[in-house]
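Participant: Here it is, the structure in full.
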Amino acid sequence: MTSAKDPGTAPGGAAAALRELLGLLHEGAPVEQFTRPGERARAAGAGPAEQALVAEATQVALEVRHTLDQRRRREAELTALFDTAGDLAALRDPDAVLRAIVHRARMLLGTDVAYLTLNDPVAGDTFMRVTDGSVSAAFQQLRLGMGEGLGGLVAQTARPYASADYRTDDRFRHTPAIDHGVQEEGLRGILGVPLRVGTRVIGVLYAADRAVRAFAPDAVALLSSLADHAAVAIDSARLLEETRAALVDLETATRTARAQSEEMRRAAETHDRLTRLVLRGGEVGDVAREVAALLGGGGLVVYDADGAELARVGAEPVGLPDGDLAGALAASRSGGRAVVVGGVWVCAVLAGPELLGGLALGGRPGLCDSERRLFERAGLVTALLLLLRRSVAQAEDRVRGELLADLLAAPPAGRVHDSGSRLLRARRLGVDLGRPHALVVLDCDAALRSRLAAEAGRHARARDGLAGPHQGRVVLLAPADGPGDLARALAADLGRALGAPVTAGAAGPAAGPEALPGAYAEAVRCLEAMHALGRTGEGAGLPDLGFLGVLLGGGADVGAYVDRVLGPVLEYDARRGTELVRTLEAYFAEGASLARTKDALHVHVNTVVQRLDRVGQVLGEDWNTPAGALEVQLALRILRAGPAAFPRPGEVGRDGDRGGGGGPG
């Protein structure tokens, strides 16, 4: 048995000390309590060997405790990293993840403050993003330029930096703003590590104490791990946001594509419907009704190139002043799109640069893009229809023009035209040559003659007549009793349509094909006389030219000329028994002298004045102008020759003078 004093035997005091050390390790007691077992062993009278044994055991226990502390700390760090990874996996709120990372950094490193800054590529600096434990507003609003302070240097170099006492550390570039914020927060020891995504630095994660502190490599490694997690959170949030934005863009693009596809389908369907309508022989009104139905109501009006209404659909009033319509058509023509004026949509109907007409839509001031394109497509289809109509009209005009040329051509010498065949050809075209017709020869600038022929053809069709070019001029034949009135109307209407003067010389009325060549020759003489008289741009018949018309007419209608000039006076004398005609003869015979006229008539001068005033009331105030006086004198001389030489209308075959007082005495 070994003695108690034998060094190889564990004495009782040493054994008690060893048991106490094991108990302290088990309890995780503070470091200072591990010296108590040695003190008790010495107090119990332990020998040197026993004291040395207890001291050695105490040192081993402290090392074991240190190892256990490190493992516990590592376990806490790993737990924190796992929790952070879990937060990243959920990533429901990136801001909450960053706040949790900063808070865990502060807790694990045992610092007073932890914070995170992010780089701003636009401003070229780094700004405070999240803080934990901070109390200074100035510190929380800091922005650090690249290379400025500890954080700016970390952001610039992508390397971790630590300072035991930042205020006195001259390794860093101090700035007034940064030093003020750090001093107001009371920070001394600061550790900063970069937030990296690949090789790119996106920010800095910090841990700081308000006391001087030297950060161990373990602290740097731990903060770097948390910084890596924060970088992943930030980059994941960025990628998630980009993905969401891409999905939103994709959804928007999908909706747009669907809408465009639907618009294209509707446009194609509309085009097919309108095209089939045109090919089936539909009229302008049919197209207008179809378009109005497709656009969901509203009033629709179709105009021709002159602004005349071709078709109207719907009860909704559609109206624009002529000036506004012309301006809207010009704007639509130049822009190639429909325009809105005063709540009315207007679209020019074009064939290349040529304006064929226009569409006006009322009651729908707010057309969407697809409806606007549909309205514009209706303009294209209307242009197609108007072109087809014009082609048909031009073909018909050629047939009418050929017939007109045959009717105006004089037969060769010794031959007679076949009137029956020409009457039949005219009847097939809806023209009744048995009715009295006026023949009008039209003239304008040579460059506009083709347009004049087209416009004249339109007027001829509207009047159940014929029109076409003939011998370098445009000729129109239409039923009318007053050639002069027709000529004046045509000169005015065609002049407005062409925007240039149109001169019209008329003859007739003529009935039957045989009378037309002569009427044409007379109308040509009238036209040439109008040009000679400076009456370009007007319309008239030979009777409207006065005595010049009598001369050009070859005397065939002298009686009608007398009736036109003196008829009202002759009828007044016959009805009242007055002597106005005799007074006129004496007045002109005496050189328009009132004194000599009263002597020739053996009346008082006041009687002469009263009779001449009455003439002015009957004939018009211009009867005594130079031109009017010439007409009256010529008619008086023809009348003096007697009705047998120049019969007036209704006097052919009668003897005697009409209109008492019409003779010289």
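Residues are referred to by chain and number: the chain letter is A, B, ... according to the order shown in the structure tokens, the number counts from 1 in that chain, and ligands are numbered separately from 1 in the order shown.
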What residues in stretch 39-179 of chain A get the DSSP label alpha helix (DSSP H)? Please answer as a PyMOL selection string.

Facilitator: chain A and resi 39-43+48-90+94-109+137-140+149-157+176-179

Participant: Do a neighbour search on stretch 145-150 of chain A at 8 Å with only C-alpha atoms, toss out local chain neighbours closer than 3 positions, and write the hits as a PyMOL selection string.

Facilitator: chain A and resi 124-126+153-156+161-162+172-175+178+192

Participant: Could you write out, as a ChimeraX atom specification, all the residues of stretch 269-499 of chain A that DSSP marks as strand (DSSP E or B)?

Facilitator: /A:299-304,309-313,339-341,344-351,354-362,437-443,466-470,473-479

Participant: Based on the selection just made, write C-alpha atoms of those residues as a PDB file, in the first residue's frame.

Facilitator:
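Saved result, part10.pdb, follows:
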```pdb
ATOM      1  CA  GLY A 299     -73.137  59.844 -87.920  1.00  0.00           C
ATOM      2  CA  LEU A 300     -70.979  59.289 -91.001  1.00  0.00           C
ATOM      3  CA  VAL A 301     -70.896  61.480 -94.096  1.00  0.00           C
ATOM      4  CA  VAL A 302     -69.018  60.809 -97.347  1.00  0.00           C
ATOM      5  CA  TYR A 303     -67.983  63.819 -99.439  1.00  0.00           C
ATOM      6  CA  ASP A 304     -66.612  64.079-102.948  1.00  0.00           C
ATOM      7  CA  GLU A 309     -72.292  65.099 -99.922  1.00  0.00           C
ATOM      8  CA  LEU A 310     -72.339  61.623-101.502  1.00  0.00           C
ATOM      9  CA  ALA A 311     -73.863  59.624 -98.633  1.00  0.00           C
ATOM     10  CA  ARG A 312     -75.004  60.103 -95.038  1.00  0.00           C
ATOM     11  CA  VAL A 313     -75.601  57.484 -92.343  1.00  0.00           C
ATOM     12  CA  VAL A 339     -57.702  64.237 -87.776  1.00  0.00           C
ATOM     13  CA  VAL A 340     -60.322  65.510 -85.331  1.00  0.00           C
ATOM     14  CA  VAL A 341     -61.807  68.999 -85.687  1.00  0.00           C
ATOM     15  CA  VAL A 344     -65.655  65.438 -85.741  1.00  0.00           C
ATOM     16  CA  TRP A 345     -63.151  62.956 -87.170  1.00  0.00           C
ATOM     17  CA  VAL A 346     -62.162  63.665 -90.783  1.00  0.00           C
ATOM     18  CA  CYS A 347     -60.207  61.371 -93.107  1.00  0.00           C
ATOM     19  CA  ALA A 348     -59.107  62.316 -96.605  1.00  0.00           C
ATOM     20  CA  VAL A 349     -59.951  59.778 -99.323  1.00  0.00           C
ATOM     21  CA  LEU A 350     -56.838  59.644-101.482  1.00  0.00           C
ATOM     22  CA  ALA A 351     -55.567  57.872-104.587  1.00  0.00           C
ATOM     23  CA  GLU A 354     -55.065  62.968-105.626  1.00  0.00           C
ATOM     24  CA  LEU A 355     -57.919  63.937-103.316  1.00  0.00           C
ATOM     25  CA  LEU A 356     -61.028  61.943-104.229  1.00  0.00           C
ATOM     26  CA  GLY A 357     -63.168  63.024-101.285  1.00  0.00           C
ATOM     27  CA  GLY A 358     -63.419  62.660 -97.524  1.00  0.00           C
ATOM     28  CA  LEU A 359     -65.127  60.921 -94.614  1.00  0.00           C
ATOM     29  CA  ALA A 360     -66.533  62.757 -91.570  1.00  0.00           C
ATOM     30  CA  LEU A 361     -67.528  60.872 -88.409  1.00  0.00           C
ATOM     31  CA  GLY A 362     -69.568  62.632 -85.719  1.00  0.00           C
ATOM     32  CA  HIS A 437     -81.409  70.690-126.071  1.00  0.00           C
ATOM     33  CA  ALA A 438     -78.970  73.510-125.397  1.00  0.00           C
ATOM     34  CA  LEU A 439     -75.463  73.057-126.720  1.00  0.00           C
ATOM     35  CA  VAL A 440     -72.629  74.665-124.723  1.00  0.00           C
ATOM     36  CA  VAL A 441     -69.003  74.926-125.857  1.00  0.00           C
ATOM     37  CA  LEU A 442     -66.617  75.235-122.886  1.00  0.00           C
ATOM     38  CA  ASP A 443     -63.086  76.598-122.847  1.00  0.00           C
ATOM     39  CA  LEU A 466     -73.805  64.249-123.202  1.00  0.00           C
ATOM     40  CA  ALA A 467     -70.362  65.782-122.830  1.00  0.00           C
ATOM     41  CA  GLY A 468     -66.900  65.274-124.223  1.00  0.00           C
ATOM     42  CA  PRO A 469     -63.966  66.862-126.023  1.00  0.00           C
ATOM     43  CA  HIS A 470     -64.513  67.944-129.612  1.00  0.00           C
ATOM     44  CA  ARG A 473     -62.834  72.195-126.900  1.00  0.00           C
ATOM     45  CA  VAL A 474     -65.239  70.606-124.424  1.00  0.00           C
ATOM     46  CA  VAL A 475     -68.877  70.380-125.520  1.00  0.00           C
ATOM     47  CA  LEU A 476     -71.926  69.733-123.343  1.00  0.00           C
ATOM     48  CA  LEU A 477     -75.373  68.886-124.662  1.00  0.00           C
ATOM     49  CA  ALA A 478     -78.251  68.910-122.175  1.00  0.00           C
ATOM     50  CA  PRO A 479     -82.030  69.429-122.168  1.00  0.00           C
TER      51      PRO A 479
END
```

Participant: Would you list the contacts of A:Arg42 as a tab-separated table (two decimals) with C-alpha atoms, in the first residue's frame, taking every protein, DNA or RNA residue within 12 Å and counting only C-alpha atoms, but skipping same-chain residues closer than 2 positions in sequence?

Facilitator:
```tsv
chain	number	residue	atom	x	y	z
A	13	GLY	CA	-6.29	17.86	-0.59
A	14	ALA	CA	-5.26	17.54	-4.19
A	16	ALA	CA	-10.61	17.60	-3.52
A	17	ALA	CA	-9.13	20.37	-5.65
A	35	THR	CA	-7.94	29.80	-8.67
A	36	ARG	CA	-9.96	28.91	-5.57
A	37	PRO	CA	-9.21	25.08	-5.53
A	38	GLY	CA	-5.43	25.78	-5.35
A	39	GLU	CA	-5.92	28.31	-2.57
A	40	ARG	CA	-7.95	25.83	-0.54
A	44	ALA	CA	-5.30	22.64	3.96
A	45	GLY	CA	-1.54	22.15	4.30
A	46	ALA	CA	-0.84	20.48	0.97
A	47	GLY	CA	2.79	19.86	0.26
A	48	PRO	CA	4.75	21.29	-2.63
A	49	ALA	CA	4.10	18.32	-4.82
A	50	GLU	CA	0.37	18.51	-4.20
A	51	GLN	CA	0.31	22.24	-4.85
A	52	ALA	CA	2.21	21.74	-8.10
A	53	LEU	CA	-0.28	19.07	-9.14
A	54	VAL	CA	-3.26	21.34	-8.38
A	55	ALA	CA	-1.64	24.24	-10.24
```

Participant: Just the number, please: distance in Å from atom CA of A:Thr607 to atom CA of A:Ala595, one decimal.

Facilitator: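 It comes out at 11.1 Å.
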